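Visitor: Got a structure for you, questions after.
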Amino acid sequence: MPLVDSKAMLIYAMENKFAIGAFNANNMEIAQAIVEAAEEEKAPVIVQISQGAIEYAGENCLFSIVKSLADKASVPVVCHLDHGVDFNTVIKALKAGFTSLMFDGSSLPFEENVRITKKLAEIAHAAGVPLEGEIGKVPDAAKGPLSPEEVQKYLTTPEEAKEFCEKTGVDSLAVSVGSAHRMKVQSARLDIERIAKIKEKVKVPLVLHGASGVLDESVVEAIKAGISKINFATELNKAFTNALRQKLTSDPDLVDVRKYGAVARENVKRIVREKINLLNSAGKAEEVLSFISKNDYFKRYIDKSAIVE
Ligand SMILES: [Zn+2]
């Protein structure tokens, strides 16, 4: 079916206390693994492309891959821009056809983040596409360990989350609640109390970034406390690269890209299926699709045939 936007999908997840998996695709094999896993698990899914991936492969190339996979899929698929960090990248993704966007102004001063996010939300909404914003800052583990003071400084407060949502009109909100980007070991515990307090103040679905480094039981608690979209990137990169490395080491004469690409793809698919089950979105495709068809928030779809009567 044609790509769908993320608005109704995330609201349904929020109301029904499960989370949508948002998986980063950096190449064709990873995108295929994500959509195939979602189909096998009958799960709604978000394939996301980061600003870094756009710089690597180009927005039109990656978008076309996700779109063609979605067109053939039996489950609803969203193509989301992950961490657009400047105005032009978000506009570029919108023009390319992305059905969900993110502007990450979390490194900017509050008022500046509000100003740009609000402007982009207005533009995106006029085109029928939802926008995710970020307040507080999800730190980057690749830049070295953080001191407890730094972690505290980055965390989202319920008050600023409320003010940010009211001033910008974002459709979903990424919050900093104890996870970090690019963690290679699954060891972080989230601030569940903070998530619950933010949830009390904020009406839009909450998004957890950097989930690759979070313990499974903490992910489950976070969903109960109010997280509705969970991003996984590093774990997929790890799964792809580890399988590839193993295959090439065990078979040093192998030169056929398709042979080792398929092995890496299978390993990513295995991880995505595990995450879909952890998030409790397995088997939810049909009900999500039915909710989407009855709640066209932007009165527009990329293609009306996405609507199930
Ligand atoms: Zn992120």
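We name chains A, B, ... following the order of the structure tokens; residues begin at 1 in each chain, and ligands are numbered from 1 as shown.
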Excluding Lys224 (chain A) and residues on its chain fewer than 3 positions from it, collect all residues at most 9 Å away from it, counting only C-alpha atoms, and give them as a PyMOL selection string.
Guide: chain A and resi 17-18+196+219-221+227
Visitor: Would you mind exporting the chosen residues as an mmCIF file, in the first residue's frame, restricted to all heavy atoms?
Guide:
```cif
data_model
loop_
_atom_site.group_PDB
_atom_site.id
_atom_site.type_symbol
_atom_site.label_atom_id
_atom_site.label_comp_id
_atom_site.auth_asym_id
_atom_site.auth_seq_id
_atom_site.Cartn_x
_atom_site.Cartn_y
_atom_site.Cartn_z
ATOM 1 N N LYS A 17 -1.386 2.094 24.363
ATOM 2 C CA LYS A 17 -0.243 1.710 25.211
ATOM 3 C C LYS A 17 0.732 0.701 24.596
ATOM 4 O O LYS A 17 1.156 -0.245 25.247
ATOM 5 C CB LYS A 17 -0.748 1.181 26.562
ATOM 6 C CG LYS A 17 -1.397 2.233 27.451
ATOM 7 C CD LYS A 17 -0.355 2.883 28.326
ATOM 8 C CE LYS A 17 -0.739 4.192 28.909
ATOM 9 N NZ LYS A 17 -1.551 4.338 29.979
ATOM 10 N N PHE A 18 1.003 0.894 23.311
ATOM 11 C CA PHE A 18 2.129 0.154 22.740
ATOM 12 C C PHE A 18 2.980 1.164 21.985
ATOM 13 O O PHE A 18 2.663 2.371 22.009
ATOM 14 C CB PHE A 18 1.670 -1.008 21.848
ATOM 15 C CG PHE A 18 0.991 -0.633 20.568
ATOM 16 C CD1 PHE A 18 1.696 -0.567 19.378
ATOM 17 C CD2 PHE A 18 -0.371 -0.345 20.541
ATOM 18 C CE1 PHE A 18 1.068 -0.225 18.191
ATOM 19 C CE2 PHE A 18 -1.013 0.004 19.358
ATOM 20 C CZ PHE A 18 -0.293 0.068 18.185
ATOM 21 N N ALA A 196 6.582 9.729 32.897
ATOM 22 C CA ALA A 196 5.185 9.819 33.353
ATOM 23 C C ALA A 196 4.794 11.270 33.629
ATOM 24 O O ALA A 196 3.675 11.701 33.297
ATOM 25 C CB ALA A 196 4.985 8.963 34.600
ATOM 26 N N VAL A 219 12.678 -0.388 28.465
ATOM 27 C CA VAL A 219 11.877 -0.018 27.286
ATOM 28 C C VAL A 219 10.402 -0.321 27.546
ATOM 29 O O VAL A 219 9.515 0.508 27.294
ATOM 30 C CB VAL A 219 12.365 -0.783 26.027
ATOM 31 C CG1 VAL A 219 11.380 -0.650 24.882
ATOM 32 C CG2 VAL A 219 13.740 -0.283 25.592
ATOM 33 N N VAL A 220 10.132 -1.489 28.103
ATOM 34 C CA VAL A 220 8.743 -1.892 28.390
ATOM 35 C C VAL A 220 8.102 -0.934 29.396
ATOM 36 O O VAL A 220 6.960 -0.480 29.231
ATOM 37 C CB VAL A 220 8.699 -3.358 28.891
ATOM 38 C CG1 VAL A 220 7.316 -3.735 29.388
ATOM 39 C CG2 VAL A 220 9.141 -4.307 27.771
ATOM 40 N N GLU A 221 8.851 -0.567 30.436
ATOM 41 C CA GLU A 221 8.331 0.381 31.441
ATOM 42 C C GLU A 221 8.075 1.756 30.821
ATOM 43 O O GLU A 221 7.106 2.434 31.168
ATOM 44 C CB GLU A 221 9.345 0.542 32.579
ATOM 45 C CG GLU A 221 9.386 -0.640 33.519
ATOM 46 C CD GLU A 221 10.480 -0.482 34.571
ATOM 47 O OE1 GLU A 221 11.107 0.596 34.646
ATOM 48 O OE2 GLU A 221 10.716 -1.443 35.307
ATOM 49 N N ILE A 227 5.605 6.371 26.371
ATOM 50 C CA ILE A 227 6.374 6.527 25.124
ATOM 51 C C ILE A 227 5.645 5.777 23.996
ATOM 52 O O ILE A 227 5.223 4.639 24.177
ATOM 53 C CB ILE A 227 7.802 5.956 25.291
ATOM 54 C CG1 ILE A 227 8.614 6.770 26.310
ATOM 55 C CG2 ILE A 227 8.509 5.866 23.930
ATOM 56 C CD1 ILE A 227 9.163 8.093 25.811
#
```
Visitor: Could you give me, as CSV, a per-residue list for region 112-209 of chain A showing, wherever an atom lies at most 12 Å from an atom of region 22-39 of chain A, the closest pair of atoms and their distance in Å to one decimal, using only C-alpha atoms and sorting by chain then residue number from low to high?
Guide:
```
residue,atom,partner,partner_atom,distance
A:Val207,CA,A:Ala22,CA,9.6
A:Leu208,CA,A:Ala22,CA,9.7
A:His209,CA,A:Ala22,CA,9.4
```
Visitor: Report as a Markdown table: every residue of chain A with an atom at most 8 Å from ligand 1, its closest pair of atoms, and their distance in Å to one decimal, counting only C-alpha atoms and all ligand atoms, with rows sorted by chain and ascending residue number.
Guide:
```
| residue | atom | partner | partner_atom_place_in_ligand_line | distance |
| --- | --- | --- | --- | --- |
| A:Asp82 | CA | ligand 1 | 1 (Zn) | 6.8 |
| A:His83 | CA | ligand 1 | 1 (Zn) | 6.3 |
| A:Val138 | CA | ligand 1 | 1 (Zn) | 7.0 |
| A:His181 | CA | ligand 1 | 1 (Zn) | 6.2 |
| A:Leu208 | CA | ligand 1 | 1 (Zn) | 7.9 |
| A:His209 | CA | ligand 1 | 1 (Zn) | 4.4 |
| A:Gly210 | CA | ligand 1 | 1 (Zn) | 5.7 |
| A:Asn231 | CA | ligand 1 | 1 (Zn) | 6.8 |
```
Visitor: Would you mind exporting N, CA, C and O atoms of the selected residues as a PDB file, in the first residue's frame?
Guide:
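So the final result, stored in selection_0.pdb, reads:
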```pdb
ATOM      1  N   ASP A  82      14.731  11.466  10.117  1.00  0.00           N
ATOM      2  CA  ASP A  82      15.241  11.434  11.492  1.00  0.00           C
ATOM      3  C   ASP A  82      16.309  12.523  11.651  1.00  0.00           C
ATOM      4  O   ASP A  82      17.237  12.602  10.845  1.00  0.00           O
ATOM      5  N   HIS A  83      16.152  13.347  12.675  1.00  0.00           N
ATOM      6  CA  HIS A  83      17.142  14.400  12.977  1.00  0.00           C
ATOM      7  C   HIS A  83      17.509  15.298  11.802  1.00  0.00           C
ATOM      8  O   HIS A  83      18.679  15.370  11.414  1.00  0.00           O
ATOM      9  N   VAL A 138      19.015  14.540  23.688  1.00  0.00           N
ATOM     10  CA  VAL A 138      19.478  13.157  23.828  1.00  0.00           C
ATOM     11  C   VAL A 138      20.973  13.169  23.520  1.00  0.00           C
ATOM     12  O   VAL A 138      21.376  13.496  22.401  1.00  0.00           O
ATOM     13  N   HIS A 181      22.440   8.471  22.208  1.00  0.00           N
ATOM     14  CA  HIS A 181      22.643   7.959  20.843  1.00  0.00           C
ATOM     15  C   HIS A 181      23.925   7.133  20.767  1.00  0.00           C
ATOM     16  O   HIS A 181      24.876   7.375  21.507  1.00  0.00           O
ATOM     17  N   LEU A 208      11.140   8.138  22.048  1.00  0.00           N
ATOM     18  CA  LEU A 208      12.396   7.784  22.707  1.00  0.00           C
ATOM     19  C   LEU A 208      13.475   7.559  21.648  1.00  0.00           C
ATOM     20  O   LEU A 208      13.321   6.708  20.769  1.00  0.00           O
ATOM     21  N   HIS A 209      14.548   8.323  21.752  1.00  0.00           N
ATOM     22  CA  HIS A 209      15.697   8.142  20.844  1.00  0.00           C
ATOM     23  C   HIS A 209      16.770   7.328  21.563  1.00  0.00           C
ATOM     24  O   HIS A 209      16.787   7.222  22.781  1.00  0.00           O
ATOM     25  N   GLY A 210      17.685   6.778  20.779  1.00  0.00           N
ATOM     26  CA  GLY A 210      18.829   6.089  21.371  1.00  0.00           C
ATOM     27  C   GLY A 210      18.442   4.832  22.123  1.00  0.00           C
ATOM     28  O   GLY A 210      19.062   4.466  23.116  1.00  0.00           O
ATOM     29  N   ASN A 231      13.034   4.706  18.677  1.00  0.00           N
ATOM     30  CA  ASN A 231      14.007   4.696  17.579  1.00  0.00           C
ATOM     31  C   ASN A 231      15.157   3.720  17.836  1.00  0.00           C
ATOM     32  O   ASN A 231      15.758   3.738  18.908  1.00  0.00           O
TER      33      ASN A 231
END
```
Visitor: Tell me which protein, DNA and RNA residues are within 6 Å of region 42-48 of chain A, counting only C-alpha atoms, leaving out same-chain ones fewer than 4 positions away, and put them as a list in words.
Guide: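 That gives Gly21, Ala22, Phe23, Asn24, Ala38, Val75, Pro76, Val77, Val78, Cys79, His80, Leu81, Asp82, Ser281, Ala282, Gly283, Lys284 and Ala285 of chain A.
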Visitor: Dump N, CA and C atoms for the selected residues as a short mmCIF file (atom, residue, chain, number, x, y, z; two decimals), in the first residue's frame?
Guide:
```cif
data_model
loop_
_atom_site.label_atom_id
_atom_site.label_comp_id
_atom_site.auth_asym_id
_atom_site.auth_seq_id
_atom_site.Cartn_x
_atom_site.Cartn_y
_atom_site.Cartn_z
N GLY A 21 7.84 0.92 16.29
CA GLY A 21 9.29 0.86 16.09
C GLY A 21 9.67 1.77 14.92
N ALA A 22 10.66 2.62 15.17
CA ALA A 22 11.17 3.49 14.10
C ALA A 22 12.63 3.11 13.88
N PHE A 23 12.88 2.53 12.71
CA PHE A 23 14.18 1.92 12.45
C PHE A 23 14.93 2.69 11.37
N ASN A 24 16.20 2.98 11.63
CA ASN A 24 16.99 3.73 10.67
C ASN A 24 17.53 2.85 9.55
N ALA A 38 8.50 -6.23 9.43
CA ALA A 38 7.18 -5.68 9.79
C ALA A 38 6.08 -6.54 9.16
N VAL A 75 1.50 -4.03 5.15
CA VAL A 75 1.38 -3.31 6.43
C VAL A 75 1.65 -1.82 6.19
N PRO A 76 1.10 -0.94 7.09
CA PRO A 76 1.37 0.49 6.88
C PRO A 76 2.82 0.86 7.19
N VAL A 77 3.42 1.57 6.24
CA VAL A 77 4.82 1.99 6.37
C VAL A 77 4.90 3.52 6.26
N VAL A 78 5.67 4.12 7.16
CA VAL A 78 5.93 5.57 7.15
C VAL A 78 7.37 5.78 6.72
N CYS A 79 7.63 6.81 5.91
CA CYS A 79 9.02 7.19 5.62
C CYS A 79 9.30 8.51 6.35
N HIS A 80 10.12 8.43 7.39
CA HIS A 80 10.32 9.55 8.33
C HIS A 80 11.74 10.11 8.22
N LEU A 81 11.85 11.43 8.27
CA LEU A 81 13.17 12.07 8.35
C LEU A 81 13.60 12.09 9.82
N ASP A 82 14.73 11.47 10.12
CA ASP A 82 15.24 11.43 11.49
C ASP A 82 16.31 12.52 11.65
N SER A 281 4.03 -4.15 19.12
CA SER A 281 3.32 -3.70 17.92
C SER A 281 3.09 -4.84 16.93
N ALA A 282 3.54 -6.04 17.26
CA ALA A 282 3.29 -7.20 16.39
C ALA A 282 1.78 -7.45 16.32
N GLY A 283 1.29 -7.73 15.12
CA GLY A 283 -0.14 -8.04 14.95
C GLY A 283 -1.05 -6.82 14.96
N LYS A 284 -0.49 -5.61 15.02
CA LYS A 284 -1.33 -4.41 15.14
C LYS A 284 -1.61 -3.71 13.80
N ALA A 285 -1.06 -4.24 12.71
CA ALA A 285 -1.16 -3.53 11.42
C ALA A 285 -2.61 -3.23 11.02
#
```
Visitor: Can you pull out every residue within 9 Å of Val204 (chain A), counting only C-alpha atoms, but drop anything in the same chain fewer than 5 positions away, and send it as a list in words?
Guide: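 So the residues in contact are Leu10, Ile11, Met14, Cys165, Val170, Asp171, Ser172, Leu173 and Lys199 of chain A.
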Visitor: Can you pull out every residue within 7 Å of region 108-122 of chain A, counting only C-alpha atoms, but drop anything in the same chain fewer than 6 positions away, and send it as a ChimeraX atom specification?
Guide: /A:131,133,164,167-170
Visitor: Using DSSP on the backbone coordinates, identify all residues within region 36-195 of chain A classified as helix (DSSP H, G or I); present the result as an MDAnalysis selection string.
Guide: chainID A and resid 36:40 51:57 59:72 87:96 110:126 141:143 148:154 158:168 192:195
Visitor: One decimal, Å: what's the distance from CA of Pro139 (chain A) over to CA of Thr156 (chain A), could you say?
Guide: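 If I compute the distance from CA of Pro139 (chain A) to CA of Thr156 (chain A), I get 11.6 Å.
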Visitor: Which value, in Å to one decimal, gives the distance between CA of Ala174 (chain A) and CA of Glu134 (chain A)?
Guide: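 Distance between the two atoms: 4.5 Å.
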Visitor: Would you please work out which residue, of A:Ser179, A:Ser106, A:Ser100, A:Asn267, is nearest to Leu236 (chain A) when using only C-alpha atoms?
Guide: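 Answer, going by the shortest atom-to-atom distance: A:Asn267.
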Visitor: Which residue out of A:Thr99, A:Ser68, A:Gln186, A:Ser250 has the minimum interatomic distance to Ala141 (chain A) when only C-alpha atoms are used?
Guide: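 The closest residue to Ala141 (chain A) is A:Gln186.
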Visitor: Among the residues of region 132-238 of chain A, find those DSSP assigns to strand (DSSP E or B) from the backbone and print them as a list in words.
Guide: Glu132, Gly133, Glu134, Ile135, Asp140, Ser172, Leu173, Ala174, Val175, His181, Ala188, Leu206, Val207, Leu208, Val214, Ile227, Ser228, Lys229, Ile230, Asn231 and Phe232 of chain A
Visitor: Could you state the separation of CA of Asp5 (chain A) and CA of Glu200 (chain A) in Å, given to one decimal place?
Guide: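 So the two atoms, CA of Asp5 (chain A) and CA of Glu200 (chain A), lie 25.2 Å apart.
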Visitor: Write out as a PyMOL selection string which residues come within 7 Å of Arg273 (chain A) when counting only C-alpha atoms, dropping same-chain ones fewer than 4 positions away.
Guide: chain A and resi 37+41+269+277
Visitor: Mind dumping the selected residues with all heavy atoms as a PDB file, in the first residue's frame?
Guide:
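Result file out24.pdb:
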```
ATOM      1  N   ALA A  37      10.507  -7.543   8.000  1.00  0.00           N
ATOM      2  CA  ALA A  37      10.250  -7.913   9.397  1.00  0.00           C
ATOM      3  C   ALA A  37       8.861  -7.457   9.811  1.00  0.00           C
ATOM      4  O   ALA A  37       8.109  -8.191  10.463  1.00  0.00           O
ATOM      5  CB  ALA A  37      11.310  -7.291  10.311  1.00  0.00           C
ATOM      6  N   GLU A  41       5.700  -9.801  10.965  1.00  0.00           N
ATOM      7  CA  GLU A  41       5.093  -9.615  12.289  1.00  0.00           C
ATOM      8  C   GLU A  41       3.740  -8.901  12.221  1.00  0.00           C
ATOM      9  O   GLU A  41       3.151  -8.579  13.251  1.00  0.00           O
ATOM     10  CB  GLU A  41       6.037  -8.811  13.198  1.00  0.00           C
ATOM     11  CG  GLU A  41       7.345  -9.507  13.525  1.00  0.00           C
ATOM     12  CD  GLU A  41       7.168 -10.782  14.347  1.00  0.00           C
ATOM     13  OE1 GLU A  41       6.107 -10.945  14.989  1.00  0.00           O
ATOM     14  OE2 GLU A  41       8.095 -11.620  14.339  1.00  0.00           O
ATOM     15  N   LYS A 269      17.031  -8.233   9.986  1.00  0.00           N
ATOM     16  CA  LYS A 269      15.611  -8.602  10.067  1.00  0.00           C
ATOM     17  C   LYS A 269      15.292  -9.293  11.402  1.00  0.00           C
ATOM     18  O   LYS A 269      14.274  -9.014  12.024  1.00  0.00           O
ATOM     19  CB  LYS A 269      15.272  -9.529   8.896  1.00  0.00           C
ATOM     20  CG  LYS A 269      13.798  -9.762   8.718  1.00  0.00           C
ATOM     21  CD  LYS A 269      13.520 -10.224   7.314  1.00  0.00           C
ATOM     22  CE  LYS A 269      13.090 -11.666   7.318  1.00  0.00           C
ATOM     23  NZ  LYS A 269      12.814 -12.162   5.966  1.00  0.00           N
ATOM     24  N   ASN A 277       8.358  -7.116  18.620  1.00  0.00           N
ATOM     25  CA  ASN A 277       7.690  -7.874  19.687  1.00  0.00           C
ATOM     26  C   ASN A 277       7.876  -7.215  21.050  1.00  0.00           C
ATOM     27  O   ASN A 277       6.953  -7.170  21.859  1.00  0.00           O
ATOM     28  CB  ASN A 277       8.173  -9.321  19.691  1.00  0.00           C
ATOM     29  CG  ASN A 277       7.457 -10.126  18.624  1.00  0.00           C
ATOM     30  OD1 ASN A 277       6.288 -10.449  18.761  1.00  0.00           O
ATOM     31  ND2 ASN A 277       8.138 -10.400  17.520  1.00  0.00           N
TER      32      ASN A 277
END
```
